[in-house]
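A short write-up of the structure that comes next.
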Amino acid sequence: MLDIKFLRENPELVKENIRKKFQDRKLPMVDEAIALDQKRREGQAEADNLRNEKNKISKEIGRLMAAGDKEGAEEVKKKVAEFSARLKELEQEAPVVEEELRKIMLVIPNIIDPSVPIGKDDSENVEVQRFGEPVVPSFEVPYHTDIMSRFAGIDLDAARRVAGNGFYYLVGDIARLHSAILTYARDFMIGKGFTYCIPPFMIRSDVVTGVMSFDEMESMMYKIEGEDLYLIGTSEHSMIGRFIDEMIDESSLPLTLTSYPPCFRKEKGAHGLEERGVYRIHQFEKQEMIVICKPEDSMDWFHKMYGYTVEMFRSMDIPVRTLECCSGDLADLKVKSIDVEAWSPRQQKYFEVGSCSNLGDAQARRLRIRVKGEDGQKYLAHTLNNTVVAPPRMLIAFLENNLCEDGSVKIPEVLRPYMGGKEVLVPTV
């Protein structure tokens, strides 16, 4: 969410940013917000003036009564009553105007970084760099659920009977591999100096609107019926929400946290063949990272954070690339975002396994997360988030890239301590 003062002083810049995001339908909102802001400020000024005048003339009533001027006192009382009536109107109108303004400001997108490529949608995202050599094996790589089935490691039919489509049972070595990757990711991030945290898996509506756009909320979040609670779609929501209404001492920055959550998402929309199995599901687990820092440090942290994800995937022999999200693919709160994509030998292309985002001060403004500087000045923090790893989708990349021709799966050295020392998984079916 933008600062209303910034919008008021830079309306054309805000409109140009909206055009860059191909959201022309929102252009009228800029003028609407300015008009509402003007109305709000004029109403506040009038109310302040009325209170001052009311206080001044109220003192006259006692003086006039003491002087025996009852008629004069009655006239002053009438004026006080008029001021009081108008004040009541203004006080009733103020929260209505404030709420209308807030609704519009929540929808106007954040200002994107000048380095963001301009494009309408994800088809115009830009490859930044590749890490590792993509390999296409001489043998056929089966669909990921077929690989898992060879290890008696997945049961989608039972999951459909129990919970419906978009759920799964992972079993045996595949389930152990899933947990091993998460545990390794946790220790990897602790080794980078991040503090491990397990957050609440539900959050209240004021936190939801503080961390994401309405479009994201509608397409992602599951609401608990009869409660002011939502299941999290990512731990970023509850991790950033932890600092709602807090004043953080500058000396404690940056705050670097890594978290484990189960995640729940509606995942609306049609899905093709490659998005079946465990690619696009309603329930999954992640290891994530967030950073809360000073504004001048946020871009440095942005590059460090997605670099950690690249490093971790490469440690498991998985080729990856980074892909810069174009303007039209950025969620409204984001200043800049880079996806990490893993190589799929079966599809012979890359697919998304993580996303790193710099949100500037947008979440901090919505959640009122402020920093007190050494000079006593107060300012809004910058917030960033990034996926370390998100199995079971990550399992697809892992299994395909470590599959051998005989159907066995190599276990990279970094994972072996988490797999009881196993160097290879051997099919059981």
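Going through the structure tokens in order, the chains are called A, B, and so on, while each chain numbers its residues from 1 and the ligands are numbered from 1 in the order shown.
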* Asked: Using only C-alpha atoms, which residues sit within 9 Å of segment 241-257 of chain A once same-chain residues fewer than 5 positions away are excluded, as an MDAnalysis selection string?
  -> chainID A and resid 189:190 193:197 199 203 207:208 210:211 236 288:294 297 364 366:374 378 381
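Selecting strand (DSSP E) from the backbone DSSP output for segment 43-259 of chain A yields Val126, Glu127, Val128, Gln129, Arg130, Phe131, Ile154, Asp155, Tyr169, Leu170, Thr195, Tyr196, Cys197, Met202, Ile203, Tyr222, Lys223, Tyr230, Leu231, Met247, Ile248, Asp249, Leu255, Thr256, Leu257, Thr258 and Ser259 of chain A.
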How would the residues just picked look written out with N, CA, C and O atoms as an mmCIF file, in the first residue's frame?
```cif
data_model
loop_
_atom_site.group_PDB
_atom_site.id
_atom_site.type_symbol
_atom_site.label_atom_id
_atom_site.label_comp_id
_atom_site.auth_asym_id
_atom_site.auth_seq_id
_atom_site.Cartn_x
_atom_site.Cartn_y
_atom_site.Cartn_z
ATOM 1 N N VAL A 126 11.666 -12.912 -17.665
ATOM 2 C CA VAL A 126 12.978 -12.892 -18.310
ATOM 3 C C VAL A 126 13.968 -13.776 -17.553
ATOM 4 O O VAL A 126 14.165 -13.614 -16.341
ATOM 5 N N GLU A 127 14.587 -14.702 -18.274
ATOM 6 C CA GLU A 127 15.613 -15.541 -17.663
ATOM 7 C C GLU A 127 16.815 -14.697 -17.278
ATOM 8 O O GLU A 127 17.294 -13.874 -18.062
ATOM 9 N N VAL A 128 17.320 -14.932 -16.053
ATOM 10 C CA VAL A 128 18.470 -14.172 -15.558
ATOM 11 C C VAL A 128 19.751 -14.989 -15.671
ATOM 12 O O VAL A 128 20.741 -14.559 -16.254
ATOM 13 N N GLN A 129 19.716 -16.210 -15.094
ATOM 14 C CA GLN A 129 20.939 -17.012 -15.072
ATOM 15 C C GLN A 129 20.598 -18.488 -14.869
ATOM 16 O O GLN A 129 19.600 -18.834 -14.237
ATOM 17 N N ARG A 130 21.461 -19.356 -15.411
ATOM 18 C CA ARG A 130 21.325 -20.796 -15.210
ATOM 19 C C ARG A 130 22.462 -21.300 -14.336
ATOM 20 O O ARG A 130 23.587 -20.805 -14.415
ATOM 21 N N PHE A 131 22.140 -22.317 -13.535
ATOM 22 C CA PHE A 131 23.122 -22.902 -12.631
ATOM 23 C C PHE A 131 23.070 -24.423 -12.806
ATOM 24 O O PHE A 131 22.032 -25.050 -12.562
ATOM 25 N N ILE A 154 3.307 -43.531 -2.878
ATOM 26 C CA ILE A 154 2.217 -42.552 -2.994
ATOM 27 C C ILE A 154 0.890 -43.269 -3.149
ATOM 28 O O ILE A 154 0.809 -44.338 -3.774
ATOM 29 N N ASP A 155 -0.155 -42.690 -2.570
ATOM 30 C CA ASP A 155 -1.516 -43.231 -2.693
ATOM 31 C C ASP A 155 -2.477 -42.071 -2.917
ATOM 32 O O ASP A 155 -2.932 -41.425 -1.973
ATOM 33 N N TYR A 169 -1.323 -39.175 -0.112
ATOM 34 C CA TYR A 169 -0.584 -39.860 0.941
ATOM 35 C C TYR A 169 0.815 -40.130 0.400
ATOM 36 O O TYR A 169 0.959 -40.685 -0.695
ATOM 37 N N LEU A 170 1.843 -39.728 1.126
ATOM 38 C CA LEU A 170 3.201 -40.147 0.829
ATOM 39 C C LEU A 170 3.568 -41.233 1.822
ATOM 40 O O LEU A 170 3.238 -41.136 3.011
ATOM 41 N N THR A 195 17.188 -17.635 12.094
ATOM 42 C CA THR A 195 16.593 -18.219 13.300
ATOM 43 C C THR A 195 15.385 -19.058 12.915
ATOM 44 O O THR A 195 14.494 -18.599 12.191
ATOM 45 N N TYR A 196 15.348 -20.300 13.392
ATOM 46 C CA TYR A 196 14.266 -21.219 13.047
ATOM 47 C C TYR A 196 13.013 -20.887 13.852
ATOM 48 O O TYR A 196 13.077 -20.585 15.043
ATOM 49 N N CYS A 197 11.868 -20.956 13.185
ATOM 50 C CA CYS A 197 10.592 -20.606 13.816
ATOM 51 C C CYS A 197 9.480 -21.494 13.268
ATOM 52 O O CYS A 197 9.442 -21.792 12.073
ATOM 53 N N MET A 202 -2.790 -20.568 11.266
ATOM 54 C CA MET A 202 -3.988 -19.790 10.961
ATOM 55 C C MET A 202 -3.723 -18.337 11.334
ATOM 56 O O MET A 202 -2.972 -18.069 12.271
ATOM 57 N N ILE A 203 -4.337 -17.425 10.594
ATOM 58 C CA ILE A 203 -4.173 -16.004 10.885
ATOM 59 C C ILE A 203 -5.508 -15.285 10.769
ATOM 60 O O ILE A 203 -6.417 -15.749 10.079
ATOM 61 N N TYR A 222 -8.186 -20.342 2.349
ATOM 62 C CA TYR A 222 -9.331 -21.050 2.906
ATOM 63 C C TYR A 222 -9.739 -20.354 4.203
ATOM 64 O O TYR A 222 -8.910 -20.146 5.089
ATOM 65 N N LYS A 223 -11.018 -20.004 4.310
ATOM 66 C CA LYS A 223 -11.512 -19.363 5.526
ATOM 67 C C LYS A 223 -12.158 -20.392 6.447
ATOM 68 O O LYS A 223 -12.854 -21.300 5.980
ATOM 69 N N TYR A 230 -8.079 -17.639 8.921
ATOM 70 C CA TYR A 230 -7.787 -18.212 7.608
ATOM 71 C C TYR A 230 -6.616 -19.170 7.739
ATOM 72 O O TYR A 230 -5.660 -18.917 8.488
ATOM 73 N N LEU A 231 -6.662 -20.291 7.001
ATOM 74 C CA LEU A 231 -5.511 -21.177 6.925
ATOM 75 C C LEU A 231 -4.442 -20.497 6.081
ATOM 76 O O LEU A 231 -4.740 -19.916 5.038
ATOM 77 N N MET A 247 7.076 -1.661 17.222
ATOM 78 C CA MET A 247 8.153 -0.704 16.992
ATOM 79 C C MET A 247 9.454 -1.468 17.216
ATOM 80 O O MET A 247 9.757 -1.888 18.338
ATOM 81 N N ILE A 248 10.226 -1.677 16.153
ATOM 82 C CA ILE A 248 11.446 -2.466 16.219
ATOM 83 C C ILE A 248 12.646 -1.536 16.383
ATOM 84 O O ILE A 248 12.767 -0.539 15.674
ATOM 85 N N ASP A 249 13.506 -1.877 17.288
ATOM 86 C CA ASP A 249 14.719 -1.090 17.472
ATOM 87 C C ASP A 249 15.666 -1.353 16.300
ATOM 88 O O ASP A 249 15.930 -2.505 15.954
ATOM 89 N N LEU A 255 16.162 -8.688 10.870
ATOM 90 C CA LEU A 255 15.575 -9.889 11.452
ATOM 91 C C LEU A 255 15.549 -10.934 10.352
ATOM 92 O O LEU A 255 14.923 -10.737 9.307
ATOM 93 N N THR A 256 16.240 -12.040 10.556
ATOM 94 C CA THR A 256 16.327 -13.099 9.543
ATOM 95 C C THR A 256 15.765 -14.381 10.137
ATOM 96 O O THR A 256 16.324 -14.938 11.079
ATOM 97 N N LEU A 257 14.657 -14.838 9.594
ATOM 98 C CA LEU A 257 13.934 -15.978 10.151
ATOM 99 C C LEU A 257 13.649 -17.012 9.079
ATOM 100 O O LEU A 257 13.322 -16.674 7.939
ATOM 101 N N THR A 258 13.769 -18.267 9.447
ATOM 102 C CA THR A 258 13.374 -19.356 8.553
ATOM 103 C C THR A 258 12.301 -20.170 9.252
ATOM 104 O O THR A 258 12.373 -20.404 10.461
ATOM 105 N N SER A 259 11.286 -20.569 8.510
ATOM 106 C CA SER A 259 10.111 -21.167 9.150
ATOM 107 C C SER A 259 9.622 -22.389 8.408
ATOM 108 O O SER A 259 9.811 -22.531 7.189
#
```
* **Nearest to Asn17 of chain A, chosen from A:Gly68, A:Pro109, A:Pro134, A:Pro319, with only C-alpha atoms counted in the distances** =>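 Among the listed residues, the smallest separation from Asn17 of chain A belongs to A:Pro109.
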* Go through A:Val96, A:Ala163, A:Leu7, A:Val389 one by one, measure the shortest atom-to-atom distance of each to Tyr306 of chain A using only C-alpha atoms, and give the residue with the smallest value. => A:Val389
Ala342 of chain A: which residues within 12 Å, counting only C-alpha atoms, same-chain residues fewer than 4 positions away excluded, as an mmCIF file with N, CA and C atoms, in the first residue's frame?
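Full text of around.cif as output:
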```cif
data_model
loop_
_atom_site.group_PDB
_atom_site.id
_atom_site.type_symbol
_atom_site.label_atom_id
_atom_site.label_comp_id
_atom_site.auth_asym_id
_atom_site.auth_seq_id
_atom_site.Cartn_x
_atom_site.Cartn_y
_atom_site.Cartn_z
ATOM 1 N N ARG A 130 21.461 -19.356 -15.411
ATOM 2 C CA ARG A 130 21.325 -20.796 -15.210
ATOM 3 C C ARG A 130 22.462 -21.300 -14.336
ATOM 4 N N PHE A 131 22.140 -22.317 -13.535
ATOM 5 C CA PHE A 131 23.122 -22.902 -12.631
ATOM 6 C C PHE A 131 23.070 -24.423 -12.806
ATOM 7 N N GLY A 132 24.162 -25.037 -13.223
ATOM 8 C CA GLY A 132 24.180 -26.467 -13.476
ATOM 9 C C GLY A 132 23.773 -26.769 -14.900
ATOM 10 N N GLU A 133 24.239 -27.905 -15.390
ATOM 11 C CA GLU A 133 23.984 -28.292 -16.772
ATOM 12 C C GLU A 133 22.737 -29.170 -16.864
ATOM 13 N N PRO A 134 21.687 -28.704 -17.568
ATOM 14 C CA PRO A 134 20.487 -29.540 -17.735
ATOM 15 C C PRO A 134 20.838 -30.815 -18.506
ATOM 16 N N VAL A 135 20.391 -31.950 -17.993
ATOM 17 C CA VAL A 135 20.699 -33.240 -18.609
ATOM 18 C C VAL A 135 19.413 -33.908 -19.066
ATOM 19 N N THR A 309 18.523 -20.238 -2.141
ATOM 20 C CA THR A 309 17.708 -21.306 -2.735
ATOM 21 C C THR A 309 18.467 -21.990 -3.862
ATOM 22 N N VAL A 310 19.105 -21.206 -4.711
ATOM 23 C CA VAL A 310 19.907 -21.765 -5.799
ATOM 24 C C VAL A 310 20.991 -22.674 -5.231
ATOM 25 N N MET A 312 21.096 -24.260 -2.398
ATOM 26 C CA MET A 312 20.580 -25.483 -1.800
ATOM 27 C C MET A 312 20.189 -26.516 -2.854
ATOM 28 N N PHE A 313 19.535 -26.063 -3.923
ATOM 29 C CA PHE A 313 19.150 -26.990 -4.987
ATOM 30 C C PHE A 313 20.382 -27.585 -5.678
ATOM 31 N N ARG A 314 21.386 -26.757 -5.892
ATOM 32 C CA ARG A 314 22.592 -27.265 -6.538
ATOM 33 C C ARG A 314 23.301 -28.287 -5.654
ATOM 34 N N MET A 316 21.946 -30.543 -4.139
ATOM 35 C CA MET A 316 21.252 -31.813 -4.357
ATOM 36 C C MET A 316 21.275 -32.220 -5.825
ATOM 37 N N ASP A 317 22.231 -31.647 -6.573
ATOM 38 C CA ASP A 317 22.460 -32.019 -7.978
ATOM 39 C C ASP A 317 21.273 -31.711 -8.886
ATOM 40 N N ILE A 318 20.579 -30.640 -8.591
ATOM 41 C CA ILE A 318 19.430 -30.245 -9.411
ATOM 42 C C ILE A 318 19.768 -28.948 -10.148
ATOM 43 N N PRO A 319 19.816 -28.963 -11.485
ATOM 44 C CA PRO A 319 20.041 -27.732 -12.244
ATOM 45 C C PRO A 319 18.856 -26.784 -12.087
ATOM 46 N N VAL A 320 19.156 -25.505 -11.946
ATOM 47 C CA VAL A 320 18.099 -24.508 -11.775
ATOM 48 C C VAL A 320 18.407 -23.270 -12.612
ATOM 49 N N ARG A 321 17.415 -22.428 -12.761
ATOM 50 C CA ARG A 321 17.625 -21.113 -13.351
ATOM 51 C C ARG A 321 16.815 -20.102 -12.555
ATOM 52 N N THR A 322 17.209 -18.833 -12.669
ATOM 53 C CA THR A 322 16.434 -17.750 -12.058
ATOM 54 C C THR A 322 15.715 -16.989 -13.158
ATOM 55 N N LEU A 323 14.497 -16.614 -12.850
ATOM 56 C CA LEU A 323 13.617 -15.974 -13.822
ATOM 57 C C LEU A 323 13.035 -14.716 -13.196
ATOM 58 N N ARG A 346 12.183 -34.946 -17.649
ATOM 59 C CA ARG A 346 11.059 -35.558 -18.352
ATOM 60 C C ARG A 346 10.412 -34.584 -19.323
ATOM 61 N N GLN A 347 10.147 -33.357 -18.848
ATOM 62 C CA GLN A 347 9.517 -32.361 -19.705
ATOM 63 C C GLN A 347 10.529 -31.625 -20.583
ATOM 64 N N GLN A 348 11.808 -31.741 -20.215
ATOM 65 C CA GLN A 348 12.897 -31.032 -20.904
ATOM 66 C C GLN A 348 12.652 -29.517 -20.897
ATOM 67 N N LYS A 349 12.286 -29.044 -19.716
ATOM 68 C CA LYS A 349 12.116 -27.607 -19.490
ATOM 69 C C LYS A 349 12.193 -27.345 -17.991
ATOM 70 N N TYR A 350 12.243 -26.082 -17.629
ATOM 71 C CA TYR A 350 12.281 -25.687 -16.225
ATOM 72 C C TYR A 350 10.865 -25.444 -15.701
ATOM 73 N N PHE A 351 10.680 -25.654 -14.409
ATOM 74 C CA PHE A 351 9.393 -25.324 -13.777
ATOM 75 C C PHE A 351 9.634 -24.724 -12.396
ATOM 76 N N GLU A 352 8.700 -23.896 -11.960
ATOM 77 C CA GLU A 352 8.878 -23.124 -10.734
ATOM 78 C C GLU A 352 8.905 -24.000 -9.486
ATOM 79 N N VAL A 353 9.902 -23.730 -8.639
ATOM 80 C CA VAL A 353 9.987 -24.430 -7.355
ATOM 81 C C VAL A 353 10.125 -23.452 -6.182
ATOM 82 N N GLY A 354 10.220 -22.166 -6.490
ATOM 83 C CA GLY A 354 10.326 -21.186 -5.420
ATOM 84 C C GLY A 354 10.245 -19.776 -5.964
ATOM 85 N N SER A 355 9.962 -18.827 -5.064
ATOM 86 C CA SER A 355 9.823 -17.439 -5.478
ATOM 87 C C SER A 355 10.338 -16.525 -4.375
ATOM 88 N N VAL A 389 12.525 -24.295 0.107
ATOM 89 C CA VAL A 389 12.151 -25.498 -0.637
ATOM 90 C C VAL A 389 10.701 -25.829 -0.321
ATOM 91 N N ALA A 390 9.990 -26.374 -1.296
ATOM 92 C CA ALA A 390 8.572 -26.682 -1.113
ATOM 93 C C ALA A 390 8.252 -28.065 -1.656
ATOM 94 N N ARG A 393 6.316 -30.666 -4.405
ATOM 95 C CA ARG A 393 6.676 -30.279 -5.767
ATOM 96 C C ARG A 393 8.167 -30.453 -6.010
ATOM 97 N N MET A 394 8.943 -30.109 -4.998
ATOM 98 C CA MET A 394 10.384 -30.253 -5.146
ATOM 99 C C MET A 394 10.780 -31.713 -5.377
ATOM 100 N N LEU A 395 9.979 -32.644 -4.867
ATOM 101 C CA LEU A 395 10.267 -34.068 -5.080
ATOM 102 C C LEU A 395 10.275 -34.423 -6.557
ATOM 103 N N ILE A 396 9.446 -33.723 -7.332
ATOM 104 C CA ILE A 396 9.403 -33.987 -8.767
ATOM 105 C C ILE A 396 10.778 -33.731 -9.369
ATOM 106 N N ALA A 397 11.327 -32.552 -9.067
ATOM 107 C CA ALA A 397 12.651 -32.207 -9.574
ATOM 108 C C ALA A 397 13.714 -33.153 -9.028
ATOM 109 N N PHE A 398 13.614 -33.480 -7.752
ATOM 110 C CA PHE A 398 14.612 -34.348 -7.132
ATOM 111 C C PHE A 398 14.604 -35.731 -7.765
ATOM 112 N N LEU A 399 13.436 -36.334 -7.867
ATOM 113 C CA LEU A 399 13.344 -37.699 -8.391
ATOM 114 C C LEU A 399 13.761 -37.772 -9.854
ATOM 115 N N GLU A 400 13.339 -36.799 -10.658
ATOM 116 C CA GLU A 400 13.681 -36.829 -12.078
ATOM 117 C C GLU A 400 15.186 -36.647 -12.298
ATOM 118 N N ASN A 401 15.806 -35.753 -11.527
ATOM 119 C CA ASN A 401 17.221 -35.453 -11.741
ATOM 120 C C ASN A 401 18.158 -36.468 -11.103
#
```
* **Expected answer as a list in words: alpha helix (DSSP H) residues in segment 233-277 of chain A** =>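 The residues of segment 233-277 of chain A classed as alpha helix (DSSP H) are Ser235, Glu236, His237, Ser238, Met239, Ile240 and Gly241 of chain A.
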Would you save the residues from that selection as a PDB file, in the first residue's frame, using all heavy atoms?
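Result written to selection-v8.pdb:
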```pdb
ATOM      1  N   SER A 235       3.971 -19.486   5.062  1.00  0.00           N
ATOM      2  CA  SER A 235       4.259 -19.005   6.420  1.00  0.00           C
ATOM      3  C   SER A 235       4.673 -17.541   6.445  1.00  0.00           C
ATOM      4  O   SER A 235       4.717 -16.918   7.503  1.00  0.00           O
ATOM      5  CB  SER A 235       5.345 -19.855   7.085  1.00  0.00           C
ATOM      6  OG  SER A 235       6.602 -19.640   6.478  1.00  0.00           O
ATOM      7  N   GLU A 236       5.007 -16.996   5.278  1.00  0.00           N
ATOM      8  CA  GLU A 236       5.300 -15.556   5.222  1.00  0.00           C
ATOM      9  C   GLU A 236       4.195 -14.755   5.897  1.00  0.00           C
ATOM     10  O   GLU A 236       4.443 -13.776   6.590  1.00  0.00           O
ATOM     11  CB  GLU A 236       5.433 -15.120   3.761  1.00  0.00           C
ATOM     12  CG  GLU A 236       5.425 -13.619   3.557  1.00  0.00           C
ATOM     13  CD  GLU A 236       4.671 -13.192   2.313  1.00  0.00           C
ATOM     14  OE1 GLU A 236       4.496 -14.018   1.408  1.00  0.00           O
ATOM     15  OE2 GLU A 236       4.248 -12.023   2.264  1.00  0.00           O
ATOM     16  N   HIS A 237       2.936 -15.190   5.687  1.00  0.00           N
ATOM     17  CA  HIS A 237       1.800 -14.443   6.215  1.00  0.00           C
ATOM     18  C   HIS A 237       1.848 -14.330   7.734  1.00  0.00           C
ATOM     19  O   HIS A 237       1.722 -13.245   8.295  1.00  0.00           O
ATOM     20  CB  HIS A 237       0.496 -15.125   5.781  1.00  0.00           C
ATOM     21  CG  HIS A 237       0.334 -15.200   4.302  1.00  0.00           C
ATOM     22  ND1 HIS A 237      -0.443 -16.152   3.677  1.00  0.00           N
ATOM     23  CD2 HIS A 237       0.866 -14.454   3.309  1.00  0.00           C
ATOM     24  CE1 HIS A 237      -0.388 -15.968   2.365  1.00  0.00           C
ATOM     25  NE2 HIS A 237       0.399 -14.949   2.124  1.00  0.00           N
ATOM     26  N   SER A 238       2.022 -15.452   8.403  1.00  0.00           N
ATOM     27  CA  SER A 238       2.044 -15.392   9.864  1.00  0.00           C
ATOM     28  C   SER A 238       3.392 -14.908  10.390  1.00  0.00           C
ATOM     29  O   SER A 238       3.471 -14.304  11.464  1.00  0.00           O
ATOM     30  CB  SER A 238       1.697 -16.759  10.473  1.00  0.00           C
ATOM     31  OG  SER A 238       2.458 -17.793   9.893  1.00  0.00           O
ATOM     32  N   MET A 239       4.464 -15.137   9.627  1.00  0.00           N
ATOM     33  CA  MET A 239       5.775 -14.682  10.075  1.00  0.00           C
ATOM     34  C   MET A 239       5.881 -13.159  10.058  1.00  0.00           C
ATOM     35  O   MET A 239       6.371 -12.548  11.008  1.00  0.00           O
ATOM     36  CB  MET A 239       6.862 -15.298   9.192  1.00  0.00           C
ATOM     37  CG  MET A 239       7.008 -16.804   9.370  1.00  0.00           C
ATOM     38  SD  MET A 239       7.673 -17.256  10.983  1.00  0.00           S
ATOM     39  CE  MET A 239       9.372 -16.755  10.780  1.00  0.00           C
ATOM     40  N   ILE A 240       5.408 -12.532   8.986  1.00  0.00           N
ATOM     41  CA  ILE A 240       5.401 -11.066   8.929  1.00  0.00           C
ATOM     42  C   ILE A 240       4.354 -10.530   9.898  1.00  0.00           C
ATOM     43  O   ILE A 240       4.566  -9.524  10.581  1.00  0.00           O
ATOM     44  CB  ILE A 240       5.106 -10.573   7.498  1.00  0.00           C
ATOM     45  CG1 ILE A 240       6.211 -11.030   6.540  1.00  0.00           C
ATOM     46  CG2 ILE A 240       4.964  -9.054   7.470  1.00  0.00           C
ATOM     47  CD1 ILE A 240       7.568 -10.438   6.792  1.00  0.00           C
ATOM     48  N   GLY A 241       3.208 -11.223   9.980  1.00  0.00           N
ATOM     49  CA  GLY A 241       2.144 -10.807  10.892  1.00  0.00           C
ATOM     50  C   GLY A 241       2.577 -10.782  12.344  1.00  0.00           C
ATOM     51  O   GLY A 241       1.995 -10.062  13.164  1.00  0.00           O
TER      52      GLY A 241
END
```
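Remark: for Lys56 of chain A, the closest of the candidate residues A:Glu218, A:Leu415, A:Glu89, A:Val76 is A:Val76 (distances computed over only C-alpha atoms).
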* Near-Lys78 of chain A list (12 Å; only C-alpha atoms; drop same-chain fewer than 4 positions) as a PyMOL selection string -> chain A and resi 54+57-58+61+71-74+82-85
